[in-house]
file query22.csv (CSV, C-alpha atoms)
chain,number,residue,atom,x,y,z
X,8,MET,CA,0.0,0.0,0.0
X,9,GLU,CA,1.3,3.4,-0.9
X,10,SER,CA,2.1,6.0,1.8
X,11,ALA,CA,0.5,9.4,1.7
X,12,ILE,CA,2.8,10.4,4.5
X,13,ASP,CA,6.2,8.9,5.2
X,14,VAL,CA,8.3,10.4,8.1
X,15,GLN,CA,11.7,9.0,9.1
X,16,GLY,CA,13.7,10.3,12.1
X,17,LEU,CA,11.8,13.6,12.4
X,18,SER,CA,13.1,15.9,15.2
X,19,MET,CA,12.3,19.4,16.1
X,20,HIS,CA,14.4,21.4,18.7
X,21,TYR,CA,13.8,24.8,20.1
X,22,GLY,CA,17.1,25.6,21.7
X,23,ASP,CA,17.6,22.9,24.3
X,24,PHE,CA,14.0,21.9,24.3
X,25,VAL,CA,13.2,18.8,22.1
X,26,ALA,CA,9.6,19.1,20.9
X,27,VAL,CA,9.8,16.1,18.6
X,28,ASP,CA,12.3,13.4,19.2
X,29,ASN,CA,13.3,11.2,16.3
X,30,ILE,CA,9.9,9.9,15.3
X,31,ASP,CA,8.8,7.7,12.4
X,32,LEU,CA,5.3,8.0,11.1
X,33,GLN,CA,3.5,6.5,8.1
X,34,VAL,CA,-0.1,7.2,6.9
X,35,ASN,CA,-1.4,5.0,4.1
X,36,GLU,CA,-3.4,6.3,1.2
X,37,GLY,CA,-7.1,6.1,1.8
X,38,GLU,CA,-6.9,5.5,5.6
X,39,ILE,CA,-7.9,7.5,8.6
X,40,LEU,CA,-5.1,7.8,11.1
X,41,ALA,CA,-5.8,9.2,14.5
X,42,PHE,CA,-2.7,11.0,16.0
X,43,LEU,CA,-3.2,11.3,19.7
X,44,GLY,CA,-1.3,13.1,22.4
X,45,GLN,CA,-1.6,15.3,25.5
X,46,ASN,CA,-1.1,19.0,25.2
X,47,GLY,CA,2.6,19.6,24.8
X,48,ALA,CA,3.3,16.1,23.5
X,49,GLY,CA,4.7,17.3,20.1
X,50,LYS,CA,1.5,16.6,18.2
X,51,THR,CA,0.9,20.1,16.8
X,52,THR,CA,4.5,20.7,16.0
X,53,THR,CA,4.6,17.4,14.0
X,54,ILE,CA,1.4,18.3,12.1
X,55,GLU,CA,2.6,21.8,11.3
X,56,ILE,CA,5.8,20.3,9.8
X,57,LEU,CA,3.7,17.9,7.7
X,58,GLU,CA,1.6,20.8,6.5
X,59,GLY,CA,4.6,22.8,5.5
X,60,PHE,CA,4.1,25.6,8.0
X,61,ARG,CA,7.1,24.8,10.1
X,62,SER,CA,10.7,23.8,9.3
X,63,ARG,CA,12.3,20.8,11.0
X,64,THR,CA,15.6,20.3,12.7
X,65,SER,CA,16.3,16.9,11.2
X,66,GLY,CA,14.8,13.9,9.5
X,67,SER,CA,13.1,13.2,6.2
X,68,VAL,CA,9.4,14.0,5.5
X,69,ASN,CA,7.5,13.0,2.4
X,70,VAL,CA,3.9,14.1,2.0
X,71,LEU,CA,2.1,13.2,-1.2
X,72,GLY,CA,5.5,12.7,-2.9
X,73,HIS,CA,7.1,16.0,-1.8
X,74,ASP,CA,9.0,17.5,1.0
X,75,PRO,CA,6.6,20.1,2.5
X,76,GLN,CA,9.5,22.5,3.1
X,77,ASP,CA,10.0,23.1,-0.6
X,78,ALA,CA,6.9,21.6,-2.2
X,79,PRO,CA,5.4,23.4,-5.2
X,80,LEU,CA,2.1,25.3,-5.2
X,81,SER,CA,0.4,22.4,-7.0
X,82,TRP,CA,1.2,20.3,-3.9
X,83,ARG,CA,-0.6,22.8,-1.7
X,84,GLU,CA,-3.8,22.3,-3.7
X,85,ARG,CA,-3.8,18.6,-2.8
X,86,ILE,CA,-4.1,19.1,0.9
X,87,GLY,CA,-7.0,20.4,3.0
X,88,ILE,CA,-6.6,21.7,6.6
X,89,VAL,CA,-9.1,22.2,9.4
X,90,LEU,CA,-7.3,24.1,12.1
X,91,GLN,CA,-8.1,24.0,15.8
X,92,GLU,CA,-9.3,27.6,15.7
X,93,SER,CA,-10.2,29.8,12.8
X,94,GLU,CA,-12.5,32.7,12.2
X,95,PRO,CA,-14.2,33.2,8.8
X,96,VAL,CA,-14.7,36.7,7.4
X,97,PRO,CA,-17.7,37.9,9.4
X,98,GLU,CA,-19.3,39.9,6.5
X,99,LEU,CA,-19.4,37.0,4.1
X,100,THR,CA,-22.2,34.4,4.0
X,101,ALA,CA,-21.3,30.8,4.4
X,102,GLY,CA,-21.8,30.3,0.7
X,103,GLU,CA,-19.7,33.3,-0.2
X,104,ALA,CA,-16.9,32.1,2.0
X,105,VAL,CA,-16.8,28.6,0.3
X,106,ARG,CA,-17.1,30.1,-3.2
X,107,MET,CA,-14.2,32.5,-2.4
X,108,GLN,CA,-12.1,29.6,-1.1
X,109,ALA,CA,-12.9,27.6,-4.2
X,110,ALA,CA,-11.6,30.4,-6.4
X,111,TYR,CA,-8.1,29.7,-5.1
X,112,TYR,CA,-8.0,26.2,-6.7
X,113,SER,CA,-7.5,25.2,-10.3
X,114,ASN,CA,-10.0,22.3,-10.0
X,115,PRO,CA,-12.3,22.7,-7.0
X,116,ARG,CA,-15.4,20.9,-5.9
X,117,ASN,CA,-18.7,22.5,-6.6
X,118,ALA,CA,-19.3,24.9,-3.7
X,119,GLU,CA,-23.0,24.1,-3.3
X,120,GLU,CA,-22.3,20.4,-3.2
X,121,THR,CA,-19.6,21.0,-0.6
X,122,LEU,CA,-22.0,22.9,1.6
X,123,GLU,CA,-24.4,20.0,1.3
X,124,VAL,CA,-21.8,17.5,2.3
X,125,VAL,CA,-21.1,19.3,5.6
X,126,GLY,CA,-24.8,20.1,6.3
X,127,LEU,CA,-24.7,23.8,5.7
X,128,THR,CA,-27.1,24.1,2.7
X,129,ASP,CA,-29.8,25.7,4.9
X,130,SER,CA,-27.3,28.2,6.3
X,131,ALA,CA,-25.6,29.1,3.0
X,132,ASP,CA,-27.1,32.7,3.0
X,133,GLN,CA,-26.4,33.4,6.6
X,134,ARG,CA,-23.5,35.7,7.6
X,135,THR,CA,-20.7,33.7,9.2
X,136,ARG,CA,-20.7,36.0,12.3
X,137,LYS,CA,-24.2,34.7,13.0
X,138,LEU,CA,-23.3,31.0,12.7
X,139,SER,CA,-23.2,28.9,15.9
X,140,GLY,CA,-20.0,27.3,17.0
X,141,GLY,CA,-20.9,24.0,15.5
X,142,GLN,CA,-21.9,25.6,12.2
X,143,LYS,CA,-18.6,27.4,12.1
X,144,ARG,CA,-16.7,24.1,12.5
X,145,ARG,CA,-18.8,22.7,9.6
X,146,LEU,CA,-17.8,25.7,7.6
X,147,ASP,CA,-14.1,25.1,8.5
X,148,LEU,CA,-14.6,21.6,7.1
X,149,ALA,CA,-16.2,22.9,3.9
X,150,LEU,CA,-13.3,25.3,3.3
X,151,ALA,CA,-10.9,22.4,3.7
X,152,LEU,CA,-12.8,20.1,1.3
X,153,VAL,CA,-13.8,22.6,-1.5
X,154,GLY,CA,-10.3,22.2,-3.1
X,155,ASP,CA,-11.0,18.5,-3.5
X,156,PRO,CA,-7.8,17.5,-1.6
X,157,ASP,CA,-6.2,14.1,-1.6
X,158,LEU,CA,-5.0,14.5,2.0
X,159,VAL,CA,-7.1,16.2,4.8
X,160,PHE,CA,-5.6,17.3,8.1
X,161,LEU,CA,-8.4,17.5,10.7
X,162,ASP,CA,-7.2,19.1,13.9
X,163,GLU,CA,-9.9,18.5,16.5
X,164,PRO,CA,-12.6,19.0,13.9
X,165,THR,CA,-15.6,18.4,16.2
X,166,THR,CA,-14.6,20.8,19.0
X,167,GLY,CA,-17.7,22.8,20.0
X,168,PHE,CA,-20.2,20.3,18.4
X,169,ASP,CA,-23.1,19.0,20.5
X,170,PRO,CA,-23.3,15.2,20.7
X,171,SER,CA,-25.7,14.9,17.8
X,172,ALA,CA,-23.7,17.1,15.5
X,173,ARG,CA,-20.5,15.3,16.5
X,174,ARG,CA,-22.0,12.0,15.5
X,175,GLU,CA,-23.2,13.5,12.2
X,176,SER,CA,-19.7,14.8,11.5
X,177,TRP,CA,-18.4,11.2,11.9
X,178,GLY,CA,-20.4,10.2,8.8
X,179,MET,CA,-18.8,13.1,6.9
X,180,ILE,CA,-15.3,12.0,7.9
X,181,GLU,CA,-16.0,8.4,7.0
X,182,ALA,CA,-17.3,9.5,3.7
X,183,LEU,CA,-13.9,11.0,2.9
X,184,ARG,CA,-12.3,7.5,3.3
X,185,ASP,CA,-15.1,6.0,1.1
X,186,ILE,CA,-14.1,8.3,-1.8
X,187,GLY,CA,-10.4,7.5,-1.4
X,188,LYS,CA,-9.2,10.5,0.7
X,189,THR,CA,-6.5,10.2,3.3
X,190,VAL,CA,-7.2,11.7,6.7
X,191,LEU,CA,-4.9,12.6,9.6
X,192,LEU,CA,-7.1,13.3,12.6
X,193,THR,CA,-6.3,14.7,16.0
X,194,THR,CA,-8.9,14.7,18.7
X,195,HIS,CA,-9.3,14.6,22.4
X,196,TYR,CA,-12.5,12.5,22.1
X,197,MET,CA,-11.3,8.9,22.5
X,198,ASP,CA,-14.6,7.5,21.3
X,199,GLU,CA,-14.2,9.5,18.1
X,200,ALA,CA,-10.7,8.1,17.5
X,201,GLU,CA,-11.9,4.6,18.2
X,202,HIS,CA,-14.9,4.9,15.9
X,203,LEU,CA,-13.2,6.6,13.0
X,204,ALA,CA,-9.6,5.6,12.8
X,205,ASP,CA,-8.2,2.6,10.9
X,206,ARG,CA,-5.0,3.0,13.0
X,207,ILE,CA,-4.0,5.1,16.0
X,208,VAL,CA,-0.6,6.6,16.8
X,209,VAL,CA,0.1,8.0,20.4
X,210,ILE,CA,2.8,10.5,20.9
X,211,GLY,CA,4.1,11.5,24.3
X,212,ALA,CA,7.0,13.8,25.3
X,213,GLY,CA,8.0,14.1,21.7
X,214,ARG,CA,8.2,10.3,21.1
X,215,ILE,CA,5.9,7.7,19.7
X,216,VAL,CA,4.8,5.6,22.6
X,217,ALA,CA,2.3,3.3,20.8
X,218,ARG,CA,0.7,2.6,17.4
X,219,GLY,CA,-1.8,0.1,16.0
X,220,THR,CA,-5.6,-0.4,16.0
X,221,ALA,CA,-7.6,0.2,19.1
X,222,LYS,CA,-7.5,-3.5,19.9
X,223,GLU,CA,-3.8,-3.8,19.3
X,224,LEU,CA,-3.2,-0.9,21.7
X,225,ALA,CA,-5.4,-2.6,24.3
X,226,ASP,CA,-3.4,-5.8,23.9
X,227,GLN,CA,-0.1,-3.9,24.5
X,228,ILE,CA,-1.1,-3.0,28.1
X,229,ASP,CA,-3.0,-6.3,28.7
X,230,ALA,CA,-6.2,-4.4,29.2
X,231,ARG,CA,-9.0,-6.6,30.7
X,232,THR,CA,-12.7,-6.5,31.1
X,233,ARG,CA,-13.8,-5.0,34.5
X,234,ILE,CA,-16.6,-6.6,36.5
X,235,THR,CA,-17.6,-4.2,39.4
X,236,TRP,CA,-20.3,-4.2,42.1
X,237,LYS,CA,-21.1,-2.2,45.2
X,238,PRO,CA,-20.6,-4.3,48.4
X,239,SER,CA,-23.0,-4.0,51.3
X,240,PRO,CA,-22.0,-4.0,55.0
X,241,GLY,CA,-21.9,-7.6,56.2
X,242,ASP,CA,-21.4,-9.2,52.8
X,243,ALA,CA,-19.1,-12.2,52.7
X,244,ALA,CA,-15.8,-11.5,51.1
X,245,PRO,CA,-15.3,-12.9,47.6
X,246,PRO,CA,-12.9,-15.9,47.4
X,247,ASP,CA,-9.2,-15.0,47.2
X,248,HIS,CA,-8.8,-16.5,43.7
X,249,PHE,CA,-11.1,-13.8,42.3
X,250,ALA,CA,-8.3,-11.3,43.1
X,251,ALA,CA,-11.0,-8.6,43.8
X,252,ILE,CA,-9.8,-5.2,44.5
X,253,THR,CA,-11.5,-2.0,45.8
X,254,ASN,CA,-11.4,0.6,43.1
X,255,ASP,CA,-11.3,4.4,43.4
X,256,PHE,CA,-15.1,4.5,43.7
X,257,GLY,CA,-15.3,2.1,46.6
X,258,ASN,CA,-16.6,-0.7,44.5
X,259,LEU,CA,-15.2,-4.2,44.3
X,260,GLN,CA,-13.6,-5.0,40.9
X,261,VAL,CA,-12.5,-8.1,39.2
X,262,ASN,CA,-10.3,-7.9,36.1
X,263,THR,CA,-10.7,-10.8,33.7
X,264,GLU,CA,-9.8,-12.1,30.3
X,265,ASN,CA,-12.7,-14.5,30.2
X,266,THR,CA,-15.8,-12.5,30.9
X,267,LEU,CA,-18.4,-15.3,30.5
X,268,ALA,CA,-16.5,-17.8,32.8
X,269,SER,CA,-15.8,-15.1,35.4
X,270,MET,CA,-19.4,-13.9,35.4
X,271,HIS,CA,-20.7,-17.5,35.8
X,272,GLU,CA,-18.3,-18.2,38.7
X,273,LEU,CA,-19.1,-14.8,40.4
X,274,THR,CA,-22.8,-15.1,40.2
X,275,THR,CA,-22.7,-18.8,41.4
X,276,TRP,CA,-20.6,-17.7,44.4
X,277,ALA,CA,-23.0,-14.8,45.1
X,278,LEU,CA,-26.1,-17.0,45.0
X,279,GLY,CA,-24.5,-19.5,47.3
X,280,ALA,CA,-23.2,-16.8,49.8
X,281,GLY,CA,-26.5,-14.8,49.7
X,282,VAL,CA,-24.7,-11.7,48.3
X,283,ASP,CA,-26.6,-9.2,46.2
X,284,LEU,CA,-24.3,-7.8,43.5
X,285,HIS,CA,-25.6,-4.3,43.7
X,286,GLN,CA,-24.8,-2.1,40.7
X,287,LEU,CA,-23.2,-5.0,38.9
X,288,ASN,CA,-21.4,-3.7,35.8
X,289,VAL,CA,-19.4,-5.3,33.1
X,290,ALA,CA,-17.2,-3.0,31.1
X,291,ARG,CA,-14.6,-3.7,28.5
X,292,PRO,CA,-11.6,-1.3,28.5
X,293,THR,CA,-12.2,1.9,26.5
X,294,LEU,CA,-9.7,3.6,24.3
X,295,GLU,CA,-9.5,6.3,26.9
X,296,ASP,CA,-8.5,3.7,29.5
X,297,VAL,CA,-5.8,2.4,27.2
X,298,TYR,CA,-4.6,5.9,26.3
X,299,LEU,CA,-4.3,7.0,29.9
X,300,GLU,CA,-2.4,3.8,30.8
X,301,LEU,CA,0.0,4.3,27.8
X,302,THR,CA,0.8,7.9,28.7
X,303,LYS,CA,0.7,7.8,32.5
X,304,ASP,CA,4.5,7.5,32.8
X,305,VAL,CA,5.4,9.8,29.9
X,306,SER,CA,6.7,13.2,30.9
X,307,ARG,CA,9.2,15.7,29.6
call {"tool": "encode", "arguments": {"input": "query22.csv", "output": "C-alpha cells"}}
result
Amino acid sequence: MESAIDVQGLSMHYGDFVAVDNIDLQVNEGEILAFLGQNGAGKTTTIEILEGFRSRTSGSVNVLGHDPQDAPLSWRERIGIVLQESEPVPELTAGEAVRMQAAYYSNPRNAEETLEVVGLTDSADQRTRKLSGGQKRRLDLALALVGDPDLVFLDEPTTGFDPSARRESWGMIEALRDIGKTVLLTTHYMDEAEHLADRIVVIGAGRIVARGTAKELADQIDARTRITWKPSPGDAAPPDHFAAITNDFGNLQVNTENTLASMHELTTWALGAGVDLHQLNVARPTLEDVYLELTKDVSR
C-alpha cells in the first residue's frame, strides 16, 4: 500500500527543548489515522511540519510525494486543513466564503455540493458571524474540502459540536475515506478516534509511545474486562482467587480475560453466599483507559 505520509527520524528542537524526538510516522493512502497526544506532547509541531508551515531540525518528510519545506504550489492544492481555531470573514455568508475559497484552486469541488456534504445548505445565505460554534466548524470543514484535496488534516474538527452534531460529522469524515481521501485526525475524544480511525498513533513527550488499531493498543497493556459491584456491609468477602480489588469509587472490581466464565463463577458464588451484587457492571476497557495507561508515565 502506498504511503500518503512517510516520516523518518523527524526531530524538532527549540534551543535545548526537544519538541519532537526522532519519530517515524506512516499514513497509508485512503486511511484515517488518529494522531493522539496530550497538550505539549509534540503533536501540533509534527502536524505543522507535515503541512509545510514549520521547518524541522532533522529527519526526512515525504507528504504526497514532496518534502513540505519546498513543495510546489500544486502540492498545496492537494491538501486540506481544518485548524483547531479559525475565524471566517464575518461579513461573508457561508456560501460566499466557500465560493471564495474555491476560487483559489484550479479544479475545486462544486461549492454548493460541498455545503451540502457538511450540512450547511440551509445556512448558505447566513452571515458567518451569526453561525453557531458547531456551524462554524462545519464551515471550516467545507473550506478544507472545497479544493478536492487528496489528504485532509483534521485538527480537533468536532470541538464545539453538540453530541448529535458530532455523530453526524463522523459520517462526513467516514465519507472521505469512502471516496479515497486520506485523513490525519487529531482529537481529544477517545470514542471519536476509536470509531473513525483505521489506526492510532500515540505521541508523548515528543516520542511515539504506541501505534496500532484500538484492539492492538489494548493488547499492548494487557487491558482486561472489568466486573464491578457495590458491596453492602456484612457481605461475605469474595474468594481469594477472584483477586477482587477495591477501586477508586469504593466498588469491588475483578479484572478478567474470560468474561463469561468469570461472570458465571461470580454469580454462582454470590447466590451461594447470599450476596446481592448491587450495581453490577461489566465494562470492557475503552480507548480512553488504554490511552491513559499508555501515557501515564510519559513526561518531559
call {"tool": "residues_around", "arguments": {"input": "query22.csv", "residues": "X:His195", "least_positions_apart": "5", "cutoff": "10 Å", "atoms": "all atoms listed in the file", "output": "list in words"}}
result
Phe42, Leu43, Gly44, Gln45, Asn46, Asp162, Glu163, Thr165, Thr166, Ala200 and Glu295 of chain X
call {"tool": "residues_around", "arguments": {"input": "query22.csv", "residues": "X:Gly279", "least_positions_apart": "5", "cutoff": "12 Å", "atoms": "all atoms listed in the file", "output": "PyMOL selection string"}}
result
chain X and resi 243+245+272-274
call {"tool": "residues_around", "arguments": {"input": "query22.csv", "residues": "X:Pro156", "least_positions_apart": "2", "cutoff": "9 Å", "atoms": "only C-alpha atoms", "output": "short mmCIF file (atom, residue, chain, number, x, y, z; two decimals) with C-alpha atoms, in the coordinates of the input"}}
result
data_model
loop_
_atom_site.label_atom_id
_atom_site.label_comp_id
_atom_site.auth_asym_id
_atom_site.auth_seq_id
_atom_site.Cartn_x
_atom_site.Cartn_y
_atom_site.Cartn_z
CA ARG X 83 -0.60 22.80 -1.70
CA GLU X 84 -3.80 22.30 -3.70
CA ARG X 85 -3.80 18.60 -2.80
CA ILE X 86 -4.10 19.10 0.90
CA GLY X 87 -7.00 20.40 3.00
CA PRO X 115 -12.30 22.70 -7.00
CA ALA X 151 -10.90 22.40 3.70
CA LEU X 152 -12.80 20.10 1.30
CA VAL X 153 -13.80 22.60 -1.50
CA GLY X 154 -10.30 22.20 -3.10
CA LEU X 158 -5.00 14.50 2.00
CA VAL X 159 -7.10 16.20 4.80
CA LYS X 188 -9.20 10.50 0.70
CA THR X 189 -6.50 10.20 3.30
#
call {"tool": "residues_around", "arguments": {"input": "query22.csv", "residues": "X:Asp283", "least_positions_apart": "5", "cutoff": "9 Å", "atoms": "only C-alpha atoms", "output": "PyMOL selection string"}}
result
chain X and resi 237-239+242+277-278
call {"tool": "residues_around", "arguments": {"input": "query22.csv", "residues": "X:Glu264", "least_positions_apart": "6", "cutoff": "9 Å", "atoms": "all atoms listed in the file", "output": "PyMOL selection string"}}
result
chain X and resi 230-232
call {"tool": "closest_residue", "arguments": {"input": "query22.csv", "among": "X:Ile210, X:Gly47, X:Met270, X:Leu80", "to": "X:Asn29", "atoms": "all atoms listed in the file"}}
result
X:Ile210
call {"tool": "closest_residue", "arguments": {"input": "query22.csv", "among": "X:Glu123, X:Asp132, X:Asp77, X:Asp247", "to": "X:Arg145", "atoms": "only C-alpha atoms"}}
result
X:Glu123
call {"tool": "atom_distance", "arguments": {"input": "query22.csv", "atom1": "atom CA of X:Thr293", "atom2": "atom CA of X:Leu161"}}
result
22.5 Å
call {"tool": "closest_residue", "arguments": {"input": "query22.csv", "among": "X:Ala109, X:Val209, X:Ile30, X:Ala149", "to": "X:Thr194", "atoms": "all atoms listed in the file"}}
result
X:Val209
call {"tool": "closest_residue", "arguments": {"input": "query22.csv", "among": "X:Ser18, X:Leu138, X:Glu36, X:Glu103", "to": "X:Asp185", "atoms": "all atoms listed in the file"}}
result
X:Glu36
call {"tool": "atom_distance", "arguments": {"input": "query22.csv", "atom1": "atom CA of X:Gly102", "atom2": "atom CA of X:Ala131"}}
result
4.6 Å
call {"tool": "closest_residue", "arguments": {"input": "query22.csv", "among": "X:Thr302, X:Gln133, X:Arg63, X:Gly72", "to": "X:Pro97", "atoms": "all atoms listed in the file"}}
result
X:Gln133
call {"tool": "atom_distance", "arguments": {"input": "query22.csv", "atom1": "atom CA of X:Leu224", "atom2": "atom CA of X:Leu203"}}
result
15.2 Å
call {"tool": "closest_residue", "arguments": {"input": "query22.csv", "among": "X:Gly126, X:Pro292, X:Pro75, X:Gly140", "to": "X:Ala221", "atoms": "only C-alpha atoms"}}
result
X:Pro292
call {"tool": "residues_near_point", "arguments": {"input": "query22.csv", "point": "(0.0, -0.3, 15.6)", "cutoff": "8 Å", "atoms": "all atoms listed in the file", "output": "list of chain:residue names"}}
result
X:Arg206, X:Ile207, X:Val208, X:Ala217, X:Arg218, X:Gly219, X:Thr220, X:Glu223, X:Leu224
